[in-house]
>>> print(open('query-v8.txt').read())   # compact mmCIF, C-alpha atoms
# COMPACT_ATOMS: atom_id res chain seq x y z
CA MET A 36 -58.81 37.90 16.58
CA ARG A 37 -58.51 34.17 17.39
CA LYS A 38 -55.03 33.99 15.87
CA LYS A 39 -53.89 37.05 17.82
CA ILE A 40 -55.09 35.57 21.11
CA ILE A 41 -53.44 32.21 20.35
CA SER A 42 -50.20 34.00 19.38
CA PHE A 43 -50.30 35.90 22.66
CA ILE A 44 -50.82 32.70 24.67
CA ASP A 45 -48.15 30.84 22.68
CA PHE A 46 -45.66 33.64 23.36
CA PHE A 47 -45.45 32.35 26.95
CA TYR A 48 -45.16 28.69 25.94
CA PRO A 49 -41.37 28.26 25.30
CA PRO A 50 -40.30 28.17 28.98
CA VAL A 51 -42.66 25.25 29.68
CA ARG A 52 -42.26 23.47 26.33
CA LYS A 53 -40.38 20.56 27.94
CA LEU A 54 -42.99 20.16 30.67
CA MET A 55 -46.19 19.92 28.62
CA PRO A 56 -47.58 19.83 25.08
CA GLU A 57 -48.77 23.09 23.53
CA GLN A 58 -52.44 22.11 23.73
CA THR A 59 -52.14 21.34 27.43
CA PHE A 60 -50.51 24.73 27.97
CA ARG A 61 -53.32 26.50 26.11
CA TYR A 62 -55.85 24.55 28.15
CA ALA A 63 -54.06 25.55 31.34
CA VAL A 64 -54.08 29.23 30.38
CA CYS A 65 -57.69 29.29 29.21
CA GLY A 66 -58.79 27.08 32.07
CA GLY A 67 -56.92 29.28 34.51
CA ILE A 68 -58.67 32.38 33.23
CA ASN A 69 -62.04 30.62 33.34
CA THR A 70 -61.30 29.27 36.83
CA LEU A 71 -60.37 32.70 38.14
CA LEU A 72 -63.56 34.14 36.65
CA GLY A 73 -65.59 31.34 38.25
CA LEU A 74 -63.94 31.83 41.64
CA LEU A 75 -64.48 35.59 41.45
CA ILE A 76 -68.17 35.13 40.63
CA TYR A 77 -68.48 32.49 43.38
CA TYR A 78 -66.92 34.85 45.91
CA MET A 79 -69.09 37.80 44.82
CA GLY A 80 -72.19 35.63 44.85
CA PHE A 81 -71.50 34.14 48.26
CA HIS A 82 -70.50 37.37 50.02
CA TYR A 83 -72.51 40.05 48.20
CA ILE A 84 -75.31 38.73 45.99
CA PHE A 85 -76.62 36.03 48.35
CA ASP A 86 -75.01 37.70 51.37
CA LYS A 87 -74.37 34.30 53.01
CA GLU A 88 -78.14 33.75 53.16
CA ASN A 89 -80.29 31.00 51.68
CA PHE A 90 -81.70 31.78 48.23
CA ASP A 91 -85.35 30.91 47.58
CA ALA A 92 -85.68 30.08 43.87
CA GLY A 93 -89.39 29.38 44.21
CA ILE A 94 -89.24 25.62 43.72
CA ILE A 95 -86.16 25.01 45.84
CA VAL A 96 -84.18 26.89 48.47
CA PHE A 97 -80.42 26.95 47.87
CA LYS A 98 -77.83 27.31 50.59
CA PRO A 99 -75.64 30.32 49.77
CA HIS A 100 -72.61 28.22 48.79
CA ASN A 101 -74.74 26.16 46.38
CA ALA A 102 -76.47 29.21 44.91
CA SER A 103 -73.05 30.79 44.36
CA LEU A 104 -71.78 27.58 42.74
CA PHE A 105 -74.66 27.54 40.25
CA LEU A 106 -74.31 31.25 39.52
CA ALA A 107 -70.58 30.87 38.82
CA GLY A 108 -71.33 27.75 36.77
CA CYS A 109 -73.59 29.66 34.39
CA PHE A 110 -70.79 32.06 33.52
CA SER A 111 -68.05 29.43 33.49
CA PHE A 112 -70.04 27.16 31.19
CA THR A 113 -70.46 29.82 28.51
CA PHE A 114 -67.02 31.38 28.75
CA GLY A 115 -65.28 28.01 29.08
CA PHE A 116 -66.96 26.55 26.01
CA ILE A 117 -65.97 29.53 23.86
CA LEU A 118 -62.36 29.43 25.06
CA ASN A 119 -62.02 25.68 24.59
CA LYS A 120 -63.74 25.51 21.21
CA PHE A 121 -61.88 28.37 19.58
CA LEU A 122 -58.52 28.50 21.37
CA VAL A 123 -57.67 25.09 22.80
CA PHE A 124 -59.38 22.36 20.80
CA SER A 125 -59.89 24.23 17.52
CA ASP A 126 -58.68 21.24 15.47
CA SER A 127 -61.54 18.99 16.62
CA TYR A 128 -63.44 17.32 13.77
CA LEU A 129 -66.75 17.42 15.68
CA LYS A 130 -69.51 19.86 14.71
CA GLY A 131 -70.13 22.79 17.07
CA ARG A 132 -73.53 21.55 18.24
CA ILE A 133 -72.06 18.14 19.09
CA GLN A 134 -69.22 19.84 20.97
CA LEU A 135 -71.71 22.02 22.84
CA PHE A 136 -73.82 19.00 23.82
CA ARG A 137 -70.75 17.06 24.95
CA TYR A 138 -69.40 20.09 26.77
CA PHE A 139 -72.75 20.38 28.55
CA LEU A 140 -72.56 16.71 29.62
CA SER A 141 -68.99 17.21 30.82
CA PHE A 142 -70.03 20.41 32.60
CA ILE A 143 -72.91 18.66 34.39
CA LEU A 144 -70.56 15.87 35.52
CA ASN A 145 -68.09 18.45 36.82
CA LEU A 146 -70.85 20.47 38.47
CA VAL A 147 -72.16 17.40 40.30
CA ILE A 148 -68.65 16.49 41.48
CA ASN A 149 -68.04 20.10 42.52
CA TYR A 150 -71.36 20.17 44.37
CA PHE A 151 -70.61 17.04 46.40
CA VAL A 152 -67.01 17.98 47.18
CA LEU A 153 -68.05 21.52 48.13
CA ASN A 154 -70.78 20.28 50.43
CA LEU A 155 -68.50 17.64 51.93
CA PHE A 156 -65.91 20.26 52.87
CA ILE A 157 -68.38 22.89 54.08
CA GLU A 158 -71.03 20.85 55.85
CA TYR A 159 -69.05 17.88 57.17
CA LEU A 160 -65.46 19.05 57.47
CA HIS A 161 -66.46 22.64 58.37
CA VAL A 162 -64.00 24.29 55.98
CA GLU A 163 -64.71 27.91 55.00
CA ALA A 164 -66.83 28.17 51.81
CA PHE A 165 -64.36 29.93 49.52
CA LEU A 166 -61.47 27.65 50.49
CA SER A 167 -63.77 24.66 49.96
CA GLN A 168 -64.60 25.93 46.49
CA ILE A 169 -60.91 26.27 45.66
CA ILE A 170 -60.28 22.66 46.73
CA ALA A 171 -63.30 21.44 44.77
CA THR A 172 -62.11 23.40 41.73
CA ILE A 173 -58.70 21.73 41.79
CA ILE A 174 -60.32 18.29 41.79
CA VAL A 175 -62.71 19.24 38.99
CA ILE A 176 -59.92 20.69 36.81
CA ILE A 177 -58.17 17.33 36.66
CA ILE A 178 -61.35 15.52 35.66
CA SER A 179 -62.41 18.28 33.28
CA TYR A 180 -59.24 18.27 31.19
CA THR A 181 -59.48 14.53 30.63
CA THR A 182 -63.15 14.58 29.64
CA GLN A 183 -62.74 17.55 27.33
CA LYS A 184 -59.71 16.16 25.55
CA LYS A 185 -60.98 12.59 25.18
CA PHE A 186 -64.70 13.24 24.78
CA THR A 187 -65.94 16.79 24.23
CA PHE A 188 -63.38 18.10 21.73
CA ARG A 189 -61.92 14.83 20.46
CA VAL A 190 -59.39 15.33 17.68
CA ASN A 191 -58.82 11.79 16.44
CA ASN A 192 -61.75 10.46 14.45
CA PRO A 193 -61.88 6.69 15.08
CA ILE A 194 -64.03 6.09 11.99
CA ILE A 195 -61.60 7.89 9.71
CA ASN A 196 -58.62 6.23 11.41
CA ASP A 197 -60.19 2.75 10.93
CA GLN A 198 -60.85 3.54 7.26
CA LYS A 199 -57.24 4.63 6.77
CA ILE A 200 -56.02 1.40 8.32
CA SER A 201 -58.33 -0.74 6.18
CA ASP A 202 -57.39 1.23 3.02
CA HIS A 203 -53.72 0.28 3.51
CA LYS A 204 -54.30 -3.43 3.95
CA THR A 205 -53.34 -5.62 1.08
CA VAL A 206 -55.65 -8.37 -0.08
>>> encode(input="query-v8.txt", output="structure tokens")
Amino acid sequence: MRKKIISFIDFFYPPVRKLMPEQTFRYAVCGGINTLLGLLIYYMGFHYIFDKENFDAGIIVFKPHNASLFLAGCFSFTFGFILNKFLVFSDSYLKGRIQLFRYFLSFILNLVINYFVLNLFIEYLHVEAFLSQIIATIIVIIISYTTQKKFTFRVNNPIINDQKISDHKTV
């Protein structure tokens, strides 16, 4: 199944081959799907589930845009990890549990950034909630790709690379 999905994604790669590496293209496709899912859940949460009303979670009361952000985040976290692990960064040397932990750290960083940008646009700049979420998402995507490529799903193993270098030195 994984190979079929990758083949389907890669079918659309040739027209953009000169613009970006294959892995970046796969990330863009998978990230785009995950982003659309997140935005859809955010919109549904804001307009229908929380009905633009505060949500009392017992311990804390969430404003509707924040409750919708966390709801969408739950789905995006799970779906995004699966897509990235198996379709985008499948050649990572890291164990799955390490990837999941690192993905969680990256996700929390992105969620915090999203939270502050979203609240800045809604509460201080008075931009409509869904448009604010779109702007926040664009900012988070840029940060997310970098952290996932360099940290969460790292491909180059620095320990192995150092050993290869030292193995080739002459004494």
>>> residues_near_point(input="query-v8.txt", point="(-68.6, 31.2, 29.4)", cutoff="12 Å", atoms="all atoms listed in the file", output="list in words")
Cys65, Gly66, Ile68, Asn69, Thr70, Leu72, Gly73, Ile76, Leu106, Ala107, Gly108, Cys109, Phe110, Ser111, Phe112, Thr113, Phe114, Gly115, Phe116, Ile117, Leu118, Asn119, Lys120, Leu135, Tyr138, Phe139 and Phe142 of chain A
>>> residues_around(input="query-v8.txt", residues="stretch 100-105 of chain A", least_positions_apart="5", cutoff="12 Å", atoms="only C-alpha atoms", output="ChimeraX atom specification")
/A:73-92,95,110-112,142-143,145-158,162-169,171-172
>>> closest_residue(input="query-v8.txt", among="A:Leu160, A:Ser179, A:Tyr128, A:Val123", to="A:Pro56", atoms="all atoms listed in the file")
A:Val123
>>> atom_distance(input="query-v8.txt", atom1="atom CA of A:Leu144", atom2="atom CA of A:Phe97")
19.3 Å
>>> atom_distance(input="query-v8.txt", atom1="atom CA of A:Tyr180", atom2="atom CA of A:Ser141")
9.8 Å
>>> closest_residue(input="query-v8.txt", among="A:Leu71, A:Ile176, A:Val64, A:Leu140", to="A:Phe43", atoms="all atoms listed in the file")
A:Val64
>>> atom_distance(input="query-v8.txt", atom1="atom CA of A:Ile133", atom2="atom CA of A:Asp45")
27.3 Å
>>> closest_residue(input="query-v8.txt", among="A:Lys98, A:Arg37, A:Arg52, A:Lys130", to="A:Phe188", atoms="only C-alpha atoms")
A:Lys130
>>> axis_aligned_box(input="query-v8.txt", around="stretch 64-83 of chain A", padding_each_side="4 Å", output="AutoDock Vina command-line options")
--center_x -63.3 --center_y 33.6 --center_z 39.6 --size_x 26.4 --size_y 21.0 --size_z 28.8
>>> build_atoms(input="query-v8.txt", residues="stretch 149-160 of chain A", atoms="all heavy atoms", output="PDB file, keeping the file's coordinate frame")
ATOM      1  N   ASN A 149     -68.327  18.871  41.772  1.00  0.00           N
ATOM      2  CA  ASN A 149     -68.040  20.100  42.520  1.00  0.00           C
ATOM      3  C   ASN A 149     -69.040  20.265  43.658  1.00  0.00           C
ATOM      4  O   ASN A 149     -68.664  20.581  44.787  1.00  0.00           O
ATOM      5  CB  ASN A 149     -68.090  21.300  41.577  1.00  0.00           C
ATOM      6  CG  ASN A 149     -67.453  22.537  42.166  1.00  0.00           C
ATOM      7  OD1 ASN A 149     -67.497  22.779  43.357  1.00  0.00           O
ATOM      8  ND2 ASN A 149     -66.882  23.343  41.307  1.00  0.00           N
ATOM      9  N   TYR A 150     -70.306  20.037  43.373  1.00  0.00           N
ATOM     10  CA  TYR A 150     -71.360  20.170  44.370  1.00  0.00           C
ATOM     11  C   TYR A 150     -71.103  19.259  45.578  1.00  0.00           C
ATOM     12  O   TYR A 150     -71.157  19.685  46.725  1.00  0.00           O
ATOM     13  CB  TYR A 150     -72.713  19.857  43.733  1.00  0.00           C
ATOM     14  CG  TYR A 150     -73.865  19.805  44.706  1.00  0.00           C
ATOM     15  CD1 TYR A 150     -74.522  20.969  45.085  1.00  0.00           C
ATOM     16  CD2 TYR A 150     -74.291  18.596  45.255  1.00  0.00           C
ATOM     17  CE1 TYR A 150     -75.572  20.930  45.985  1.00  0.00           C
ATOM     18  CE2 TYR A 150     -75.343  18.544  46.156  1.00  0.00           C
ATOM     19  CZ  TYR A 150     -75.981  19.711  46.516  1.00  0.00           C
ATOM     20  OH  TYR A 150     -77.018  19.672  47.409  1.00  0.00           O
ATOM     21  N   PHE A 151     -70.815  17.986  45.299  1.00  0.00           N
ATOM     22  CA  PHE A 151     -70.610  17.040  46.400  1.00  0.00           C
ATOM     23  C   PHE A 151     -69.330  17.328  47.182  1.00  0.00           C
ATOM     24  O   PHE A 151     -69.326  17.261  48.413  1.00  0.00           O
ATOM     25  CB  PHE A 151     -70.639  15.595  45.883  1.00  0.00           C
ATOM     26  CG  PHE A 151     -72.033  15.119  45.600  1.00  0.00           C
ATOM     27  CD1 PHE A 151     -72.440  14.852  44.311  1.00  0.00           C
ATOM     28  CD2 PHE A 151     -72.947  14.965  46.630  1.00  0.00           C
ATOM     29  CE1 PHE A 151     -73.730  14.432  44.039  1.00  0.00           C
ATOM     30  CE2 PHE A 151     -74.248  14.542  46.375  1.00  0.00           C
ATOM     31  CZ  PHE A 151     -74.646  14.277  45.077  1.00  0.00           C
ATOM     32  N   VAL A 152     -68.255  17.662  46.477  1.00  0.00           N
ATOM     33  CA  VAL A 152     -67.010  17.980  47.180  1.00  0.00           C
ATOM     34  C   VAL A 152     -67.179  19.253  48.011  1.00  0.00           C
ATOM     35  O   VAL A 152     -66.757  19.310  49.170  1.00  0.00           O
ATOM     36  CB  VAL A 152     -65.830  18.120  46.168  1.00  0.00           C
ATOM     37  CG1 VAL A 152     -64.590  18.667  46.850  1.00  0.00           C
ATOM     38  CG2 VAL A 152     -65.540  16.792  45.497  1.00  0.00           C
ATOM     39  N   LEU A 153     -67.812  20.259  47.416  1.00  0.00           N
ATOM     40  CA  LEU A 153     -68.050  21.520  48.130  1.00  0.00           C
ATOM     41  C   LEU A 153     -68.858  21.282  49.397  1.00  0.00           C
ATOM     42  O   LEU A 153     -68.493  21.758  50.484  1.00  0.00           O
ATOM     43  CB  LEU A 153     -68.773  22.508  47.205  1.00  0.00           C
ATOM     44  CG  LEU A 153     -69.065  23.900  47.758  1.00  0.00           C
ATOM     45  CD1 LEU A 153     -67.764  24.652  48.001  1.00  0.00           C
ATOM     46  CD2 LEU A 153     -69.944  24.666  46.786  1.00  0.00           C
ATOM     47  N   ASN A 154     -69.937  20.542  49.266  1.00  0.00           N
ATOM     48  CA  ASN A 154     -70.780  20.280  50.430  1.00  0.00           C
ATOM     49  C   ASN A 154     -70.084  19.402  51.467  1.00  0.00           C
ATOM     50  O   ASN A 154     -70.280  19.582  52.670  1.00  0.00           O
ATOM     51  CB  ASN A 154     -72.118  19.675  49.999  1.00  0.00           C
ATOM     52  CG  ASN A 154     -73.029  20.749  49.444  1.00  0.00           C
ATOM     53  OD1 ASN A 154     -73.595  21.525  50.199  1.00  0.00           O
ATOM     54  ND2 ASN A 154     -73.132  20.829  48.132  1.00  0.00           N
ATOM     55  N   LEU A 155     -69.272  18.466  51.009  1.00  0.00           N
ATOM     56  CA  LEU A 155     -68.500  17.640  51.930  1.00  0.00           C
ATOM     57  C   LEU A 155     -67.589  18.515  52.796  1.00  0.00           C
ATOM     58  O   LEU A 155     -67.564  18.400  54.024  1.00  0.00           O
ATOM     59  CB  LEU A 155     -67.657  16.610  51.164  1.00  0.00           C
ATOM     60  CG  LEU A 155     -66.614  15.850  51.988  1.00  0.00           C
ATOM     61  CD1 LEU A 155     -67.294  14.810  52.882  1.00  0.00           C
ATOM     62  CD2 LEU A 155     -65.598  15.188  51.087  1.00  0.00           C
ATOM     63  N   PHE A 156     -66.860  19.413  52.141  1.00  0.00           N
ATOM     64  CA  PHE A 156     -65.910  20.260  52.870  1.00  0.00           C
ATOM     65  C   PHE A 156     -66.612  21.273  53.770  1.00  0.00           C
ATOM     66  O   PHE A 156     -66.158  21.525  54.888  1.00  0.00           O
ATOM     67  CB  PHE A 156     -64.951  20.961  51.897  1.00  0.00           C
ATOM     68  CG  PHE A 156     -63.800  20.103  51.501  1.00  0.00           C
ATOM     69  CD1 PHE A 156     -63.884  19.252  50.414  1.00  0.00           C
ATOM     70  CD2 PHE A 156     -62.619  20.129  52.230  1.00  0.00           C
ATOM     71  CE1 PHE A 156     -62.820  18.441  50.050  1.00  0.00           C
ATOM     72  CE2 PHE A 156     -61.555  19.328  51.885  1.00  0.00           C
ATOM     73  CZ  PHE A 156     -61.653  18.478  50.793  1.00  0.00           C
ATOM     74  N   ILE A 157     -67.708  21.856  53.291  1.00  0.00           N
ATOM     75  CA  ILE A 157     -68.380  22.890  54.080  1.00  0.00           C
ATOM     76  C   ILE A 157     -69.207  22.284  55.218  1.00  0.00           C
ATOM     77  O   ILE A 157     -69.081  22.686  56.373  1.00  0.00           O
ATOM     78  CB  ILE A 157     -69.280  23.776  53.186  1.00  0.00           C
ATOM     79  CG1 ILE A 157     -68.408  24.625  52.258  1.00  0.00           C
ATOM     80  CG2 ILE A 157     -70.181  24.672  54.035  1.00  0.00           C
ATOM     81  CD1 ILE A 157     -69.181  25.401  51.215  1.00  0.00           C
ATOM     82  N   GLU A 158     -70.043  21.328  54.877  1.00  0.00           N
ATOM     83  CA  GLU A 158     -71.030  20.850  55.850  1.00  0.00           C
ATOM     84  C   GLU A 158     -70.509  19.761  56.782  1.00  0.00           C
ATOM     85  O   GLU A 158     -71.005  19.621  57.892  1.00  0.00           O
ATOM     86  CB  GLU A 158     -72.278  20.394  55.115  1.00  0.00           C
ATOM     87  CG  GLU A 158     -72.958  21.558  54.397  1.00  0.00           C
ATOM     88  CD  GLU A 158     -74.189  21.169  53.611  1.00  0.00           C
ATOM     89  OE1 GLU A 158     -74.714  20.053  53.812  1.00  0.00           O
ATOM     90  OE2 GLU A 158     -74.621  21.988  52.788  1.00  0.00           O
ATOM     91  N   TYR A 159     -69.536  18.968  56.327  1.00  0.00           N
ATOM     92  CA  TYR A 159     -69.050  17.880  57.170  1.00  0.00           C
ATOM     93  C   TYR A 159     -67.666  18.123  57.755  1.00  0.00           C
ATOM     94  O   TYR A 159     -67.385  17.712  58.872  1.00  0.00           O
ATOM     95  CB  TYR A 159     -69.075  16.552  56.393  1.00  0.00           C
ATOM     96  CG  TYR A 159     -70.480  16.147  56.025  1.00  0.00           C
ATOM     97  CD1 TYR A 159     -70.960  16.354  54.741  1.00  0.00           C
ATOM     98  CD2 TYR A 159     -71.331  15.594  56.972  1.00  0.00           C
ATOM     99  CE1 TYR A 159     -72.260  16.009  54.405  1.00  0.00           C
ATOM    100  CE2 TYR A 159     -72.629  15.241  56.648  1.00  0.00           C
ATOM    101  CZ  TYR A 159     -73.090  15.454  55.358  1.00  0.00           C
ATOM    102  OH  TYR A 159     -74.375  15.120  55.037  1.00  0.00           O
ATOM    103  N   LEU A 160     -66.805  18.776  56.976  1.00  0.00           N
ATOM    104  CA  LEU A 160     -65.460  19.050  57.470  1.00  0.00           C
ATOM    105  C   LEU A 160     -65.327  20.465  58.019  1.00  0.00           C
ATOM    106  O   LEU A 160     -64.272  20.842  58.524  1.00  0.00           O
ATOM    107  CB  LEU A 160     -64.429  18.793  56.364  1.00  0.00           C
ATOM    108  CG  LEU A 160     -64.426  17.365  55.798  1.00  0.00           C
ATOM    109  CD1 LEU A 160     -63.431  17.246  54.653  1.00  0.00           C
ATOM    110  CD2 LEU A 160     -64.118  16.345  56.885  1.00  0.00           C
TER     111      LEU A 160
END
